[in-house]
>>> print(open('work.tsv').read())   # TSV, C-alpha atoms
chain	number	residue	atom	x	y	z
X	12	MET	CA	66.72	104.92	125.45
X	13	ARG	CA	65.46	107.89	123.46
X	14	ALA	CA	68.68	109.71	124.21
X	15	LEU	CA	70.59	106.66	122.96
X	16	GLN	CA	68.54	106.59	119.76
X	17	ARG	CA	69.17	110.25	119.15
X	18	TYR	CA	72.87	109.67	119.72
X	19	ARG	CA	72.81	106.85	117.18
X	20	ILE	CA	71.18	109.10	114.59
X	21	HIS	CA	73.71	111.84	115.28
X	22	LEU	CA	76.58	109.39	114.91
X	23	GLY	CA	75.21	108.08	111.61
X	24	THR	CA	74.64	111.63	110.36
X	25	ALA	CA	78.15	112.65	111.35
X	26	ALA	CA	79.59	109.60	109.54
X	27	TRP	CA	77.49	110.46	106.48
X	28	ILE	CA	78.57	114.12	106.43
X	29	LEU	CA	82.21	113.12	106.91
X	30	HIS	CA	81.88	110.64	104.04
X	31	ARG	CA	80.64	113.41	101.75
X	32	LEU	CA	83.23	115.93	102.91
X	33	SER	CA	86.09	113.44	102.57
X	34	GLY	CA	84.79	112.53	99.10
X	35	LEU	CA	84.70	116.19	98.07
X	36	ALA	CA	88.22	116.73	99.39
X	37	LEU	CA	89.42	113.66	97.48
X	38	ILE	CA	87.92	114.67	94.13
X	39	LEU	CA	89.46	118.14	94.50
X	40	TYR	CA	92.77	116.48	95.35
X	41	LEU	CA	92.50	114.10	92.37
X	42	LEU	CA	91.94	116.95	89.90
X	43	THR	CA	94.86	118.92	91.39
X	44	HIS	CA	97.01	115.77	91.33
X	45	ILE	CA	96.28	115.22	87.61
X	46	TRP	CA	97.25	118.86	86.97
X	47	VAL	CA	100.52	118.58	88.95
X	48	ILE	CA	101.55	115.25	87.39
X	49	HIS	CA	100.84	116.50	83.85
X	50	HIS	CA	104.16	118.39	84.15
X	51	LEU	CA	105.78	115.03	83.27
X	52	ILE	CA	104.95	116.03	79.68
X	53	GLY	CA	107.55	118.82	79.91
X	54	GLY	CA	110.29	116.37	80.87
X	55	GLN	CA	112.73	116.26	83.77
X	56	GLY	CA	113.23	120.03	84.18
X	57	SER	CA	109.54	120.86	84.19
X	58	PHE	CA	108.57	117.98	86.52
X	59	ASP	CA	111.38	118.49	89.05
X	60	LYS	CA	110.72	122.23	89.19
X	61	THR	CA	107.07	121.50	90.01
X	62	MET	CA	107.90	118.79	92.57
X	63	GLU	CA	110.42	121.08	94.29
X	64	PHE	CA	107.39	123.01	95.49
X	65	PHE	CA	105.99	119.89	97.19
X	66	ASN	CA	109.16	118.16	98.43
X	67	ASN	CA	109.18	119.89	101.82
X	68	PRO	CA	107.89	119.21	105.37
X	69	PRO	CA	104.50	121.02	105.13
X	70	PHE	CA	103.45	119.06	102.03
X	71	LYS	CA	104.86	115.78	103.39
X	72	ALA	CA	102.70	116.37	106.48
X	73	LEU	CA	99.67	117.12	104.28
X	74	GLU	CA	100.29	113.85	102.41
X	75	ILE	CA	99.99	111.97	105.70
X	76	GLY	CA	96.72	113.85	106.33
X	77	LEU	CA	95.55	112.92	102.83
X	78	VAL	CA	96.11	109.23	103.60
X	79	GLY	CA	93.92	109.73	106.69
X	80	VAL	CA	91.12	111.21	104.55
X	81	ILE	CA	91.43	108.34	102.03
X	82	LEU	CA	91.37	105.70	104.76
X	83	TYR	CA	88.30	107.23	106.45
X	84	HIS	CA	86.44	107.27	103.13
X	85	LEU	CA	87.60	103.71	102.43
X	86	TRP	CA	86.57	102.10	105.74
X	87	ASN	CA	83.36	104.09	106.10
X	88	GLY	CA	82.57	103.14	102.49
X	89	VAL	CA	82.82	99.49	103.52
X	90	ARG	CA	80.41	100.19	106.41
X	91	VAL	CA	77.95	102.06	104.14
X	92	THR	CA	77.99	99.13	101.70
X	93	LEU	CA	77.36	96.60	104.48
X	94	VAL	CA	74.43	98.70	105.73
X	95	ASP	CA	73.09	99.05	102.16
X	96	ILE	CA	73.04	95.29	101.62
X	97	GLY	CA	71.43	94.82	105.03
X	98	VAL	CA	74.32	93.41	107.04
X	99	MET	CA	74.39	94.41	110.73
X	100	VAL	CA	71.91	97.26	110.23
X	101	GLU	CA	70.75	96.94	113.83
X	102	ARG	CA	74.32	97.21	115.10
X	103	GLN	CA	75.34	100.32	113.19
X	104	LYS	CA	76.76	102.05	116.21
X	105	THR	CA	79.09	99.17	117.04
X	106	MET	CA	80.08	99.00	113.40
X	107	PHE	CA	80.90	102.71	113.27
X	108	GLY	CA	83.08	102.25	116.36
X	109	THR	CA	84.84	99.40	114.55
X	110	VAL	CA	85.33	101.64	111.51
X	111	VAL	CA	86.93	104.35	113.67
X	112	VAL	CA	89.29	101.84	115.30
X	113	ILE	CA	90.34	100.21	111.99
X	114	TRP	CA	90.70	103.69	110.43
X	115	LEU	CA	92.98	104.99	113.19
X	116	VAL	CA	95.08	101.80	113.34
X	117	THR	CA	95.65	101.63	109.56
X	118	TRP	CA	96.31	105.38	109.39
X	119	GLY	CA	98.77	105.05	112.26
X	120	VAL	CA	100.69	102.27	110.51
X	121	VAL	CA	100.88	104.11	107.16
X	122	ALA	CA	101.65	107.45	108.87
X	123	TYR	CA	104.52	105.83	110.78
X	124	ALA	CA	105.95	104.41	107.54
X	125	MET	CA	105.62	107.76	105.72
X	126	LEU	CA	107.08	109.62	108.66
X	127	THR	CA	110.18	107.52	109.22
X	128	ARG	CA	111.31	106.42	105.74
X	129	VAL	CA	114.26	108.17	104.13
X	130	GLY	CA	112.67	110.95	102.05
X	131	GLY	CA	109.76	111.06	104.49
X	132	LEU	CA	108.61	113.86	106.78
X	133	LEU	CA	111.22	113.39	109.51
X	134	SER	CA	114.16	113.20	107.13
X	135	ALA	CA	112.86	116.27	105.28
X	136	MET	CA	112.67	118.16	108.59
X	137	ALA	CA	116.16	117.03	109.55
X	138	ARG	CA	117.46	118.11	106.16
X	139	LEU	CA	115.83	121.51	106.60
X	140	GLY	CA	117.42	121.84	110.04
X	141	GLY	CA	120.80	120.73	108.69
X	142	GLY	CA	120.56	117.41	110.54
X	143	GLY	CA	122.35	114.16	109.73
X	144	LEU	CA	119.46	112.24	108.10
X	145	SER	CA	119.50	112.49	104.32
C	7	MET	CA	70.43	115.20	79.51
C	8	MET	CA	70.20	113.18	82.65
C	9	HIS	CA	66.80	113.46	84.28
C	10	ARG	CA	65.92	112.09	87.65
C	11	GLU	CA	64.16	109.06	86.08
C	12	ASN	CA	67.27	108.13	84.12
C	13	VAL	CA	69.44	108.47	87.19
C	14	ARG	CA	67.04	106.23	89.10
C	15	SER	CA	66.84	103.55	86.42
C	16	GLY	CA	70.62	103.43	86.22
C	17	GLY	CA	70.86	103.72	90.01
C	18	ALA	CA	71.41	100.05	90.84
C	19	VAL	CA	74.14	99.62	88.25
C	20	LEU	CA	75.86	102.85	89.36
C	21	TRP	CA	75.50	101.86	93.04
C	22	LEU	CA	77.26	98.57	92.26
C	23	PHE	CA	79.90	100.36	90.18
C	24	GLN	CA	80.71	102.73	93.07
C	25	ARG	CA	81.31	99.67	95.31
C	26	VAL	CA	83.34	97.64	92.80
C	27	SER	CA	85.40	100.66	91.76
C	28	GLY	CA	85.90	101.49	95.45
C	29	VAL	CA	87.49	98.08	95.99
C	30	TYR	CA	89.65	98.51	92.88
C	31	LEU	CA	90.74	102.01	93.98
C	32	ALA	CA	91.59	100.75	97.46
C	33	ALA	CA	93.87	98.07	95.98
C	34	VAL	CA	95.61	100.34	93.45
C	35	LEU	CA	95.89	103.18	95.96
C	36	PHE	CA	97.53	100.84	98.45
C	37	ALA	CA	100.16	99.90	95.85
C	38	HIS	CA	100.51	103.58	94.83
C	39	VAL	CA	101.14	104.82	98.37
C	40	TRP	CA	103.32	101.82	99.28
C	41	LEU	CA	105.50	102.35	96.22
C	42	LEU	CA	105.79	106.15	96.22
C	43	HIS	CA	105.63	106.96	99.92
C	44	TYR	CA	107.38	103.96	101.48
C	45	LEU	CA	109.56	101.89	99.13
C	46	LEU	CA	110.88	105.05	97.47
C	47	ARG	CA	113.73	106.10	99.74
C	48	GLU	CA	114.15	109.59	98.31
C	49	ASP	CA	112.14	112.62	97.24
C	50	LEU	CA	109.68	112.24	94.40
C	51	THR	CA	111.58	113.39	91.31
C	52	PHE	CA	111.55	112.67	87.59
C	53	ALA	CA	114.55	110.34	87.95
C	54	ALA	CA	112.77	108.43	90.71
C	55	VAL	CA	109.60	107.65	88.70
C	56	ALA	CA	110.34	107.98	84.95
C	57	ASP	CA	111.58	104.43	84.19
C	58	ARG	CA	108.60	102.80	85.89
C	59	VAL	CA	105.98	105.18	84.46
C	60	ALA	CA	107.31	104.52	80.92
C	61	THR	CA	106.59	100.77	81.02
C	62	PRO	CA	103.44	99.40	79.29
C	63	LEU	CA	102.34	97.62	82.47
C	64	TRP	CA	102.35	100.82	84.53
C	65	LYS	CA	100.77	102.81	81.71
C	66	THR	CA	97.91	100.30	81.78
C	67	ILE	CA	97.63	100.44	85.57
C	68	ASP	CA	97.85	104.24	85.68
C	69	ILE	CA	95.28	104.79	82.92
C	70	SER	CA	92.81	102.37	84.52
C	71	PHE	CA	93.48	104.11	87.85
C	72	LEU	CA	92.79	107.50	86.22
C	73	VAL	CA	89.55	106.41	84.54
C	74	VAL	CA	88.13	104.57	87.56
C	75	ALA	CA	89.13	107.30	90.08
C	76	LEU	CA	87.64	110.07	87.94
C	77	PHE	CA	84.40	108.19	87.44
C	78	HIS	CA	84.09	107.20	91.11
C	79	GLY	CA	84.90	110.74	92.28
C	80	LEU	CA	82.86	112.74	89.78
C	81	TYR	CA	79.85	110.42	89.94
C	82	GLY	CA	80.05	110.77	93.74
C	83	LEU	CA	80.21	114.55	93.35
C	84	TRP	CA	77.11	114.42	91.13
C	85	VAL	CA	75.23	112.34	93.72
C	86	VAL	CA	76.08	114.91	96.42
C	87	LEU	CA	75.19	117.98	94.34
C	88	GLU	CA	71.99	116.32	93.12
C	89	ASP	CA	70.74	116.37	96.71
C	90	TYR	CA	71.00	120.14	96.97
C	91	ILE	CA	70.13	121.34	93.47
C	92	HIS	CA	66.53	120.82	92.49
C	93	TRP	CA	66.05	123.52	89.91
C	94	GLY	CA	65.74	122.01	86.39
C	95	TRP	CA	68.34	123.81	84.35
C	96	ALA	CA	70.70	124.28	87.31
C	97	ARG	CA	70.94	120.47	87.41
C	98	ILE	CA	71.62	120.38	83.69
C	99	PHE	CA	74.30	123.03	84.15
C	100	ILE	CA	75.98	121.13	87.01
C	101	TYR	CA	75.77	117.86	85.12
C	102	SER	CA	77.34	119.48	82.04
C	103	ALA	CA	80.06	121.16	84.11
C	104	ILE	CA	80.97	117.84	85.76
C	105	SER	CA	81.03	116.13	82.35
C	106	ILE	CA	83.36	118.80	80.97
C	107	VAL	CA	85.68	118.51	83.99
C	108	ALA	CA	85.66	114.72	83.51
C	109	ILE	CA	86.64	114.97	79.84
C	110	VAL	CA	89.34	117.62	80.42
C	111	ALA	CA	90.90	115.69	83.33
C	112	LEU	CA	90.70	112.41	81.40
C	113	VAL	CA	92.35	113.86	78.28
C	114	LEU	CA	95.05	115.62	80.32
C	115	GLY	CA	95.78	112.43	82.28
C	116	ILE	CA	95.93	110.23	79.17
C	117	LEU	CA	98.16	112.76	77.37
C	118	THR	CA	100.50	112.62	80.37
C	119	ILE	CA	100.66	108.84	80.65
C	120	LEU	CA	100.28	107.34	77.17
C	121	PRO	CA	103.05	109.03	75.12
C	122	PHE	CA	105.50	109.16	78.07
C	123	GLN	CA	108.95	107.94	77.03
C	124	GLY	CA	110.95	108.33	80.24
C	125	GLY	CA	114.33	109.99	80.55
C	126	PHE	CA	115.34	112.79	78.23
>>> encode(input="work.tsv", output="structure tokens")
Amino acid sequence: MRALQRYRIHLGTAAWILHRLSGLALILYLLTHIWVIHHLIGGQGSFDKTMEFFNNPPFKALEIGLVGVILYHLWNGVRVTLVDIGVMVERQKTMFGTVVVIWLVTWGVVAYAMLTRVGGLLSAMARLGGGGLS
Amino acid sequence: MMHRENVRSGGAVLWLFQRVSGVYLAAVLFAHVWLLHYLLREDLTFAAVADRVATPLWKTIDISFLVVALFHGLYGLWVVLEDYIHWGWARIFIYSAISIVAIVALVLGILTILPFQGGF
């Protein structure tokens, strides 16, 4: 029982640290994103030259990772709010398990869509390899 | 300057704002990712986004997105840093630095979105 309690605390602490770390990553991303997109001011040439740097497989893969970070922060944020208002406080561990499942399922769905669409990661890799997908 | 007491007295309102803005960001982000990383069947280029970004509706959505995301993110950053920085003027310095970053990012974002005319 004590071991279980300790485990519960560790799980909650891990979720809390991950919430902070994902939040920090997201604010750094947001500021970078604002900087990158501001090249719209310079018109088509300026913007496309900037985006050329990102329109490749490594960055398309990172974008899928970014969605994972967003979705973790989102679903754990829902859990934190429920705990704050006193819902299911005594079943936090179950709720964190639910968060992980919902997180992975939603990430999987979005990742699949981003991976397989034309212009997505797989088509960018095929293009790089001289494959048929455009 | 923001002292601990002020942060505390505004705490409930800011707590609620983080939740409400979180819901708003989730909704707009879903549309953002759906539109730009799924419905868009090509690389992200000027030609692919310019017409949409130039419309008043999307300018409104994008500016509200910018304001709410910056506030949610930078207020969150302040809450995190506040936990580790206890020294009086170090807190004032961090708070000022975050405020300056907020203003610079906000101005840069608005200058990008508001006057945007589309193709040229």
>>> residues_around(input="work.tsv", residues="stretch 75-92 of chain X", least_positions_apart="6", cutoff="6 Å", atoms="only C-alpha atoms", output="MDAnalysis selection string")
chainID X and resid 30 33 110 114 118 122
>>> interface_residues(input="work.tsv", of="chain C", to="chain X", cutoff="6 Å", atoms="all atoms listed in the file", output="ChimeraX atom specification")
/C:43-44,47-49,51-52,79,118
>>> atom_distance(input="work.tsv", atom1="atom CA of C:Val26", atom2="atom CA of C:His78")
9.7 Å
>>> atom_distance(input="work.tsv", atom1="atom CA of C:Val85", atom2="atom CA of X:Glu101")
25.7 Å
>>> residues_near_point(input="work.tsv", point="(99.5, 103.0, 82.7)", cutoff="12 Å", atoms="only C-alpha atoms", output="PDB file with C-alpha atoms, keeping the file's coordinate frame")
ATOM      1  CA  VAL C  34      95.610 100.340  93.450  1.00  0.00           C
ATOM      2  CA  ARG C  58     108.600 102.800  85.890  1.00  0.00           C
ATOM      3  CA  VAL C  59     105.980 105.180  84.460  1.00  0.00           C
ATOM      4  CA  ALA C  60     107.310 104.520  80.920  1.00  0.00           C
ATOM      5  CA  THR C  61     106.590 100.770  81.020  1.00  0.00           C
ATOM      6  CA  PRO C  62     103.440  99.400  79.290  1.00  0.00           C
ATOM      7  CA  LEU C  63     102.340  97.620  82.470  1.00  0.00           C
ATOM      8  CA  TRP C  64     102.350 100.820  84.530  1.00  0.00           C
ATOM      9  CA  LYS C  65     100.770 102.810  81.710  1.00  0.00           C
ATOM     10  CA  THR C  66      97.910 100.300  81.780  1.00  0.00           C
ATOM     11  CA  ILE C  67      97.630 100.440  85.570  1.00  0.00           C
ATOM     12  CA  ASP C  68      97.850 104.240  85.680  1.00  0.00           C
ATOM     13  CA  ILE C  69      95.280 104.790  82.920  1.00  0.00           C
ATOM     14  CA  SER C  70      92.810 102.370  84.520  1.00  0.00           C
ATOM     15  CA  PHE C  71      93.480 104.110  87.850  1.00  0.00           C
ATOM     16  CA  LEU C  72      92.790 107.500  86.220  1.00  0.00           C
ATOM     17  CA  VAL C  73      89.550 106.410  84.540  1.00  0.00           C
ATOM     18  CA  GLY C 115      95.780 112.430  82.280  1.00  0.00           C
ATOM     19  CA  ILE C 116      95.930 110.230  79.170  1.00  0.00           C
ATOM     20  CA  LEU C 117      98.160 112.760  77.370  1.00  0.00           C
ATOM     21  CA  THR C 118     100.500 112.620  80.370  1.00  0.00           C
ATOM     22  CA  ILE C 119     100.660 108.840  80.650  1.00  0.00           C
ATOM     23  CA  LEU C 120     100.280 107.340  77.170  1.00  0.00           C
ATOM     24  CA  PRO C 121     103.050 109.030  75.120  1.00  0.00           C
ATOM     25  CA  PHE C 122     105.500 109.160  78.070  1.00  0.00           C
TER      26      PHE C 122
END
>>> atom_distance(input="work.tsv", atom1="atom CA of C:Leu50", atom2="atom CA of X:Leu132")
12.5 Å
>>> closest_residue(input="work.tsv", among="C:Trp84, C:Val55, C:Gly125, C:Trp93", to="C:His38", atoms="all atoms listed in the file")
C:Val55
>>> closest_residue(input="work.tsv", among="C:Tyr81, C:Phe99, C:Ile104, C:Ile109", to="C:Leu20", atoms="all atoms listed in the file")
C:Tyr81
>>> closest_residue(input="work.tsv", among="X:Tyr40, X:Leu73, X:Val120, X:Met136", to="C:Trp40", atoms="all atoms listed in the file")
X:Val120
>>> axis_aligned_box(input="work.tsv", around="stretch 58-64 of chain C", padding_each_side="8 Å", output="JSON")
{"center_x": 105.5, "center_y": 101.4, "center_z": 82.6, "size_x": 22.3, "size_y": 23.6, "size_z": 22.6}
>>> closest_residue(input="work.tsv", among="C:Leu35, C:Asp89, C:Leu80, C:Leu42", to="C:Ser102", atoms="only C-alpha atoms")
C:Leu80
>>> build_atoms(input="work.tsv", residues="stretch 90-106 of chain C", atoms="N, CA and C atoms", output="PDB file, keeping the file's coordinate frame")
ATOM      1  N   TYR C  90      71.196 118.742  96.580  1.00  0.00           N
ATOM      2  CA  TYR C  90      71.000 120.140  96.970  1.00  0.00           C
ATOM      3  C   TYR C  90      70.459 121.006  95.843  1.00  0.00           C
ATOM      4  N   ILE C  91      70.553 120.522  94.611  1.00  0.00           N
ATOM      5  CA  ILE C  91      70.130 121.340  93.470  1.00  0.00           C
ATOM      6  C   ILE C  91      68.907 120.704  92.828  1.00  0.00           C
ATOM      7  N   HIS C  92      67.782 121.399  92.962  1.00  0.00           N
ATOM      8  CA  HIS C  92      66.530 120.820  92.490  1.00  0.00           C
ATOM      9  C   HIS C  92      65.987 121.526  91.259  1.00  0.00           C
ATOM     10  N   TRP C  93      66.545 122.690  90.985  1.00  0.00           N
ATOM     11  CA  TRP C  93      66.050 123.520  89.910  1.00  0.00           C
ATOM     12  C   TRP C  93      66.471 122.932  88.563  1.00  0.00           C
ATOM     13  N   GLY C  94      65.505 122.681  87.667  1.00  0.00           N
ATOM     14  CA  GLY C  94      65.740 122.010  86.390  1.00  0.00           C
ATOM     15  C   GLY C  94      67.037 122.334  85.673  1.00  0.00           C
ATOM     16  N   TRP C  95      67.158 123.581  85.199  1.00  0.00           N
ATOM     17  CA  TRP C  95      68.340 123.810  84.350  1.00  0.00           C
ATOM     18  C   TRP C  95      69.606 123.979  85.172  1.00  0.00           C
ATOM     19  N   ALA C  96      69.499 124.247  86.461  1.00  0.00           N
ATOM     20  CA  ALA C  96      70.700 124.280  87.310  1.00  0.00           C
ATOM     21  C   ALA C  96      71.316 122.884  87.375  1.00  0.00           C
ATOM     22  N   ARG C  97      70.445 121.860  87.412  1.00  0.00           N
ATOM     23  CA  ARG C  97      70.940 120.470  87.410  1.00  0.00           C
ATOM     24  C   ARG C  97      71.621 120.152  86.086  1.00  0.00           C
ATOM     25  N   ILE C  98      71.017 120.623  85.007  1.00  0.00           N
ATOM     26  CA  ILE C  98      71.620 120.380  83.690  1.00  0.00           C
ATOM     27  C   ILE C  98      72.980 121.067  83.608  1.00  0.00           C
ATOM     28  N   PHE C  99      73.048 122.283  84.156  1.00  0.00           N
ATOM     29  CA  PHE C  99      74.300 123.030  84.150  1.00  0.00           C
ATOM     30  C   PHE C  99      75.383 122.285  84.952  1.00  0.00           C
ATOM     31  N   ILE C 100      75.021 121.846  86.161  1.00  0.00           N
ATOM     32  CA  ILE C 100      75.980 121.130  87.010  1.00  0.00           C
ATOM     33  C   ILE C 100      76.432 119.835  86.344  1.00  0.00           C
ATOM     34  N   TYR C 101      75.452 119.121  85.777  1.00  0.00           N
ATOM     35  CA  TYR C 101      75.770 117.860  85.120  1.00  0.00           C
ATOM     36  C   TYR C 101      76.722 118.088  83.945  1.00  0.00           C
ATOM     37  N   SER C 102      76.464 119.162  83.176  1.00  0.00           N
ATOM     38  CA  SER C 102      77.340 119.480  82.040  1.00  0.00           C
ATOM     39  C   SER C 102      78.723 119.881  82.525  1.00  0.00           C
ATOM     40  N   ALA C 103      78.772 120.706  83.589  1.00  0.00           N
ATOM     41  CA  ALA C 103      80.060 121.160  84.110  1.00  0.00           C
ATOM     42  C   ALA C 103      80.894 119.962  84.579  1.00  0.00           C
ATOM     43  N   ILE C 104      80.248 119.028  85.294  1.00  0.00           N
ATOM     44  CA  ILE C 104      80.970 117.840  85.760  1.00  0.00           C
ATOM     45  C   ILE C 104      81.461 117.020  84.574  1.00  0.00           C
ATOM     46  N   SER C 105      80.626 116.889  83.531  1.00  0.00           N
ATOM     47  CA  SER C 105      81.030 116.130  82.350  1.00  0.00           C
ATOM     48  C   SER C 105      82.237 116.767  81.672  1.00  0.00           C
ATOM     49  N   ILE C 106      82.236 118.106  81.599  1.00  0.00           N
ATOM     50  CA  ILE C 106      83.360 118.800  80.970  1.00  0.00           C
ATOM     51  C   ILE C 106      84.641 118.597  81.783  1.00  0.00           C
TER      52      ILE C 106
END
